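Enquirer: Submitted below is the structure of interest, expressed as structure tokens.
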There are 2 protein chains.
Amino acid sequence: MAPGSEDDMNALRVLVADKQAAVDRQSNEVRALKAAKADEVAVNKAVNLLKDLKLELQSISKELVSKATGGETSVLSRETFRKTLSNTLERRLFYIPSFKIYGGVAGLYDYGPPGCAIKANVLAIWRQHFVLEENMLEVDCPCVTPEMVLKASGHVEKFTDLMVKDEKTGACYRADHLLKDFVKESLEKDPLMPPDKKEELKHVLAMLDEFTAEQLGAKLKKYGIKSPETKNSLSDPYPFNLMFSTSIGPTGLLQGYLRPETAQGIFVNFRDLYYYNGSKLPFAAAQIGQAFRNEMKPRQGLLRVREFTLAEIEHFVNPDDKSHPKFSTVANLEFYLYPREEQMTLKQPVKTQIGHAVAKGIVNNETLGYFIARTYLFLARLGIDKERLRFRQHLQNEMAHYAADCWDAEIECSYGWIECVGLADRSAYDLKAHTDMSKTDLVAHETFSEPKDVAQLLVVPNKKELGMFFKKSAKMVQEALEVMEEVEALKMKAELESEGMASLHLCTTGQRVTITREMVSISKEIETLHGRTFTPSVIEPSFGVGRIIYCLFEHCFYTRSSNAGDDQLNVFRFPASVAPIKCTVFPLVQNVKLEVTAKEISSALTREGVANKIDITGTSIGKRYARTDEIGVPFAITVDFDEKTVTVRERDTKAQIRVPVEEVAKVVNDVADARRTWIEVQSHYPGVMSKDSNQ
Amino acid sequence: MAPGSEDDMNALRVLVADKQAAVDRQSNEVRALKAAKADEVAVNKAVNLLKDLKLELQSISKELVSKATGGETSVLSRETFRKTLSNTLERRLFYIPSFKIYGGVAGLYDYGPPGCAIKANVLAIWRQHFVLEENMLEVDCPCVTPEMVLKASGHVEKFTDLMVKDEKTGACYRADHLLKDFVKESLEKDPLMPPDKKEELKHVLAMLDEFTAEQLGAKLKKYGIKSPETKNSLSDPYPFNLMFSTSIGPTGLLQGYLRPETAQGIFVNFRDLYYYNGSKLPFAAAQIGQAFRNEMKPRQGLLRVREFTLAEIEHFVNPDDKSHPKFSTVANLEFYLYPREEQMTLKQPVKTQIGHAVAKGIVNNETLGYFIARTYLFLARLGIDKERLRFRQHLQNEMAHYAADCWDAEIECSYGWIECVGLADRSAYDLKAHTDMSKTDLVAHETFSEPKDVAQLLVVPNKKELGMFFKKSAKMVQEALEVMEEVEALKMKAELESEGMASLHLCTTGQRVTITREMVSISKEIETLHGRTFTPSVIEPSFGVGRIIYCLFEHCFYTRSSNAGDDQLNVFRFPASVAPIKCTVFPLVQNVKLEVTAKEISSALTREGVANKIDITGTSIGKRYARTDEIGVPFAITVDFDEKTVTVRERDTKAQIRVPVEEVAKVVNDVADARRTWIEVQSHYPGVMSKDSNQ
């Protein structure tokens with residue numbers, strides 16, 4: 001392949017120089033902050049910015065090298081790459097802005113024919129890779145969800161962004177975004193502002209995610225921040241719930257929401273699923289389905305949308321035993337891990353064996369590690385570039401308080417590193433929340449392999465004695481005795497033994513009463529337990545299917561010159577299992593006889609279950625190849641005047657072989673289904689020297 | 001197959017005798033009423049009851065015969081059948097009332113593990129049978145839909161039921177249901193009412209579906225109908241829209257709904273899809289997805305729900321040519337058709353060749369006929385009983401005014417004949433509606449194979465002459481001339497030729513003006529047209545996936561005695577392609593060596609892509625077979641102490657063969673994927689005489 005044009009490379013060199021200058025500036029800034037002993041948060045922020053700049057520099061440099069050496073990427077920059085890609089995606093109907101003829105709705109997209117086929121293929125692979133392989137219990141629950149369920153999960157209260165409204169036009173904004181924009185702009189505009197003012201603004205930036213509605217409102221007032229377009233006054237910030245709200249039934253009394261995730265449908269079914277699984281742990285349930293988030297201002301194209309497909313797994317496990325029987329099958333896998341520690345000390349992610357990471361306690365447990373590794377295998381199988389995939393651990397303050405450990409599979413694309421899969425050990429939080437709200441015990445039972453002796457403190461109030469002394473209040477005193485914590489009871493036992501009496505606090509009335517030795521017996525007894533009932537922990541891998549597919553588009557897309565050199569051609573290098581159509585069939589020229597053969601081959605492919613398309617237009621064969629390369633069709637069969645054989649052409653190598661007509665459907669099916677490799681097939685049939693410049 | 005056990009047959013014989021006695025008693029009653037000249041309603045009631053009893057007797061007798069001759073159906077009656085079935089379905093988690101631990105929500109159900117697997121299989125078969133086979137363009141659009149789209153489709157205005165509210169409690173009722181209940185009850189209660197009153201009530205019943213809100217309200221008032229439970233007053237009837245309503249974005253200004261069908265997503269994309277298809281007709285687009293109807297009072301279990309999966313096809317076709325190139329491949333298929341004519345003359349549906357029905361004009365056109373036939377094949381492939389499947393044509397007044405023809409695939413189940421697939425020729429209605437609302441032309445272009453000469457009327461006003469005479473009004477007159485209909489223009493031409501002048505009506509002002517020969521030239525000219533632009537017709541097969549699956553449950557379910565005769569065992573005879581799990585693997589007894597082999601076989605099956613489950617519980621092998629029969633697993637592999645071979649047992653025949661360990665995964669995969677039949681495989685491997693009574 002020819003190296004990039006001088007123009008392209010010059011443009012890249014300019015970009016590299018610019019970015020290098022930015023890196024230098026930021027390095028100075030970091031040094032200055034450190035010298036000034038600025039607060040830790042401000043330093044960290046500056047360092048993070050520096051890190052990002054360095055990464056960008058690295059990536060552009062890499063591109064320049066690749067271009068200079070004739071690599072296939074003809075991407076000038078992230079932006080031109082993204083533009084070329086999205087043009088192709090929209091033109092070939094991979095996706096379509098929904099309700100386009102009505103002007104569309106922000107954050108809603110349709111998958112057109114090739115996108116829809118890819119989505120179906122990705123979901124089929126997911127089902128095969130996870131549900132079938134692990135014998136998961138798949139369920140399918142409705143999108144419409146009554147309020148109670150989402151109150152229990154915390155979504156009604158907490159699934160919110162803070163919003164302000166333009167007091168005249170009613171336009172809505174995210175309060176934190178407005179404050180952030182203001183602060184950033186101020187810092188850039190006025191580099192000479194007094195250091196204390198600068199410090200204050202930087203502190204605001206660092207604290208942005210932590211502010212309450214009141215604090216945010218106070219900051220907006222303090223800086224006189226107005227509505228960005230109209231400069232009108234803004235309302236106080238108030239929480240805007242990101243769930244689409246609706247009403248179930250005709251009375252309007254049953255409040256419902258569109259589910260923000262599919263997980264809750266699994267949690268509320270825990271009891272039935274546990275029973276279905278023979279009342280045994282561990283087991284996993286899975287669900288694929290639509291989820292909804294009423295984003296205030298959707299952006300980043302397909303990455304932040306209002307309706308999307310999730311594929312979620314809830315793996316229920318004994319909290320005391322999170323080992324995984326199949327962990328050894330993945331322990332040697334090595335891929336990029338980015339643990340908390342490395343993020344805090346500003347190191348880069350490194351390739352790590354997952355077995356090592358679990359052994360060192362970097363990843364909390366085997367089951368979580370197993371799913372991280374399986375997720376890695378899944379994404380690689382789809383065609384995600386392993387070099388642009390990392391598993392990043394949540395920082396301590398990013399994690400919910402109940403979570404034991406959280407890792408995100410992040411995929412690098414032109415928008416940066418995108419969270420595509422969340423893998424969390426959520427401990428017993430969800431099942432406990434639904435147990436509390438529904439009053440249905442979502443628990444498991446464990447029979448010990450051998451009975452366990454457990455020391456148990458026994459507090460037995462003497463009702464008669466209490467009744468005689470406390471009369472009407474006797475019951476209250478009795479209850480206060482019964483609910484004493486172990487420490488408290490032991491203290492009382494000691495006092496009763498030494499002093500003959502002890503003081504007891506009645507929390508219901510606030511009074512203190514005196515307890516004598518006759519009123520209560522406190523003793524330690526050994527109890528033999530044969531098992532226990534507990535709330536299982538849940539380990540949740542949650543896949544954002546749309547985001548994965550978008551990143552896949554980016555990783556599989558490349559352009560190459562037509563052999564004549566007069567055109568840039570777009571290609572998607574989807575693996576055959578993902579490709580929307582596996583094979584096209586072309587008669588070389590418009591001719592009845594060739595068409596008949598082509599149709600027969602197409603029917604044979606359909607019978608084999610191979611998604612195929614026949615193209616009988618008279619367009620040149622090179623153009624027809626280019627057209628199918630652009631939607632990532634891996635194989636093309638061309639029927640020419642040889643009656644016995646046809647050619648099969650592979651998309652990325654453009655290599656061609658001649659295969660007998662009656663074998664071709666089977667051969668393509670085998671290669672498309674990965675029963676045979678292209679290389680194998682290629683060595684088995686005679687090759688063809690390409691005559692057409694685009695073949 | 002062995003005939004039913006003596007016990008079963010004795011039980012049936014007792015039932016038959018009981019029912020026969022009931023029939024005799026009721027016959028006497030009818031005779032007595034008639035002799036006493038009792039009023040018509042009372043007699044009719046008695047006669048109807050007699051009829052029902054006779055039907056029940058007939059059905060039980062049939063069963064007894066079938067049992068005596070070795071048929072497997074042990075169904076006692078529709079109700080007991082339905083009860084046994086739904087017990088099994090709920091117990092084995094085919095479905096679960098959604099949010100059960102919170103008391104559930106009427107009309108919302110989850111698919112549990114086996115139900116979910118069956119749904120995924122049915123959808124995969126649908127995709128293969130329709131999308132892949134016909135090269136359809138599949139799309140995937142959001143559930144959240146802006147109001148505009150559903151205004152255009154007519155759903156905002158017309159997708160309603162008329163509702164009344166209890167004025168004190170707010171409880172809601174369908175107005176027509178209340179009126180109907182009242183009228184029926186009155187007719188039954190008061191058989192001696194005056195004939196004119198009776199006529200009036202019967203007229204109300206007949207007109208029920210035609211009443212406007214005002215008319216319904218007037219009737220409710222007239223008859224003093226109150227809230228059924230509280231006897232409180234009722235509100236006036238008002239339309240209740242069956243769409244779930246929501247609001248898109250934070251402002252609350254963009255009204256949205258959850259889509260009531262998936263079709264609209266396809267219609268609004270027509271232009272892009274037509275272009276994607278190379279601007280050629282015909283083509284079909286398809287969509288699988290959730291749809292929502294906020295039913296006032298959901299009932300009939302899984303048949304009328306508030307959220308459901310639809311699989312819809314929109315086949316776009318030139319209205320002048322609705323032939324189908326593949327019609328000949330299905331023309332000879334014969335199945336039950338129930339044309340309008342037969343329904344009106346109260347005849348029964350008869351098996352008809354679809355080719356014949358289209359030729360006779362019973363089915364409007366080849367394309368509609370083709371899809372009816374393909375739907376028949378699809379349902380049969382799933383395991384729907386062909387004898388309990390019919391295609392019923394809509395009566396003239398059932399059809400929308402724009403529809404050219406409509407047929408419903410109806411499947412008989414314990415609830416009666418259920419509409420599961422709608423097949424409609426909707427003409428150009430939908431595309432025209434969206435063209436009007438969006439101002440985007442959703443049209444196709446046709447190039448004539450040879451140019452057509454068309455006579456065209458040319459009306460050319462003489463602007464100068466009009467200006468001189470009409471001054472300021474000249475433009476108005478000119479426009480009125482230009483928009484004349486052909487008849488009108490020809491009349492004017494004749495008048496101008498004979499009289500020299502003619503009168504013209506200006507619709508904008510209501511005036512009449514006089515036109516002279518000089519003011520306009522009217523002539524007929526021949527124009528040569530090379531093509532035309534038109535709105536395509538759409539033929540829409542729409543599949544209610546949940547309803548099909550429920551009917552499939554009913555058609556595949558049967559019970560049989562355990563061979564010991566002490567138990568009734570439930571079986572689902574799902575085809576392997578539909579079955580939730582294709583194969584179970586059992587070690588004969590709990591033994592490490594057998595378990596190892598079983599696990600190896602299970603892994604091999606998983607590698608082959610066969611959904612399988614291993615059961616290492618120590619339960620008797622007969623019980624384990626019964627457990628998997630109950631979720632319709634077609635094959636079971638049992639590992640015993642023979643190291644080289646294992647047994648494979650087929651669910652319905654209970655026949656067993658011995659297959660070498662290393663071949664078994666492939667054999668099961670081949671049979672499950674229908675590459676080989678069980679009969680073929682059976683003849684290839686040695687059979688086993690069953691030793692266990694339940695095997």
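Residue numbering restarts at 1 for every chain of the structure tokens, chains are lettered A, B, ... in their displayed order, and ligands are numbered from 1 as they appear.
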Within 7 Å of chain A, which residues belong to chain B? Use only C-alpha atoms and report them as a ChimeraX atom specification.
Expert: /B:98-99,101-102,108-113,116,132-133,137-142,170-172,244-251,268,294-296,307,438,440,606,611
Enquirer: Which residues come within 8 Å of His555 in chain B, counting only C-alpha atoms, excluding same-chain residues fewer than 6 positions away, as a VMD selection string?
Expert: chain B and resid 383 to 385 413
Enquirer: Could you write out that same residue set with N, CA, C and O atoms as a PDB file, in the first residue's frame?
Expert:
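Just written: part_36.pdb:
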```
ATOM      1  N   GLY B 383     -44.790 -25.769  15.228  1.00  0.00           N
ATOM      2  CA  GLY B 383     -45.480 -26.827  15.959  1.00  0.00           C
ATOM      3  C   GLY B 383     -46.945 -26.507  16.227  1.00  0.00           C
ATOM      4  O   GLY B 383     -47.592 -27.180  17.022  1.00  0.00           O
ATOM      5  N   ILE B 384     -47.482 -25.472  15.584  1.00  0.00           N
ATOM      6  CA  ILE B 384     -48.917 -25.179  15.691  1.00  0.00           C
ATOM      7  C   ILE B 384     -49.663 -26.274  14.918  1.00  0.00           C
ATOM      8  O   ILE B 384     -49.278 -26.635  13.800  1.00  0.00           O
ATOM      9  N   ASP B 385     -50.727 -26.807  15.535  1.00  0.00           N
ATOM     10  CA  ASP B 385     -51.526 -27.872  14.930  1.00  0.00           C
ATOM     11  C   ASP B 385     -52.275 -27.303  13.714  1.00  0.00           C
ATOM     12  O   ASP B 385     -53.074 -26.382  13.838  1.00  0.00           O
ATOM     13  N   CYS B 413     -57.439 -22.162  20.673  1.00  0.00           N
ATOM     14  CA  CYS B 413     -56.913 -22.617  21.949  1.00  0.00           C
ATOM     15  C   CYS B 413     -58.062 -22.647  22.936  1.00  0.00           C
ATOM     16  O   CYS B 413     -59.213 -22.480  22.555  1.00  0.00           O
TER      17      CYS B 413
END
```
Enquirer: I'd like the neighbourhood of Ala674 in chain B as a list in words, where a residue qualifies if any of its atoms comes within 10 Å (using only C-alpha atoms), though same-chain residues fewer than 5 positions away should be ignored.
Expert: Pro575, Ala576, Ser577, Val668 and Asn669 of chain B
Enquirer: Take the residues from that selection and put them in a file with N, CA, C and O atoms, as a PDB file, in the first residue's frame.
Expert:
```
ATOM      1  N   PRO B 575     -41.078 -28.866  18.730  1.00  0.00           N
ATOM      2  CA  PRO B 575     -40.022 -29.291  17.793  1.00  0.00           C
ATOM      3  C   PRO B 575     -38.657 -28.895  18.371  1.00  0.00           C
ATOM      4  O   PRO B 575     -38.572 -27.918  19.127  1.00  0.00           O
ATOM      5  N   ALA B 576     -37.633 -29.635  18.009  1.00  0.00           N
ATOM      6  CA  ALA B 576     -36.299 -29.368  18.579  1.00  0.00           C
ATOM      7  C   ALA B 576     -35.868 -27.919  18.355  1.00  0.00           C
ATOM      8  O   ALA B 576     -35.245 -27.309  19.215  1.00  0.00           O
ATOM      9  N   SER B 577     -36.233 -27.347  17.194  1.00  0.00           N
ATOM     10  CA  SER B 577     -35.798 -25.980  16.892  1.00  0.00           C
ATOM     11  C   SER B 577     -36.411 -24.972  17.854  1.00  0.00           C
ATOM     12  O   SER B 577     -35.869 -23.900  18.056  1.00  0.00           O
ATOM     13  N   VAL B 668     -26.633 -35.493  18.229  1.00  0.00           N
ATOM     14  CA  VAL B 668     -27.714 -34.690  18.812  1.00  0.00           C
ATOM     15  C   VAL B 668     -27.823 -33.346  18.097  1.00  0.00           C
ATOM     16  O   VAL B 668     -28.924 -32.868  17.789  1.00  0.00           O
ATOM     17  N   ASN B 669     -26.698 -32.726  17.808  1.00  0.00           N
ATOM     18  CA  ASN B 669     -26.724 -31.447  17.090  1.00  0.00           C
ATOM     19  C   ASN B 669     -27.399 -31.608  15.730  1.00  0.00           C
ATOM     20  O   ASN B 669     -28.236 -30.792  15.337  1.00  0.00           O
TER      21      ASN B 669
END
```
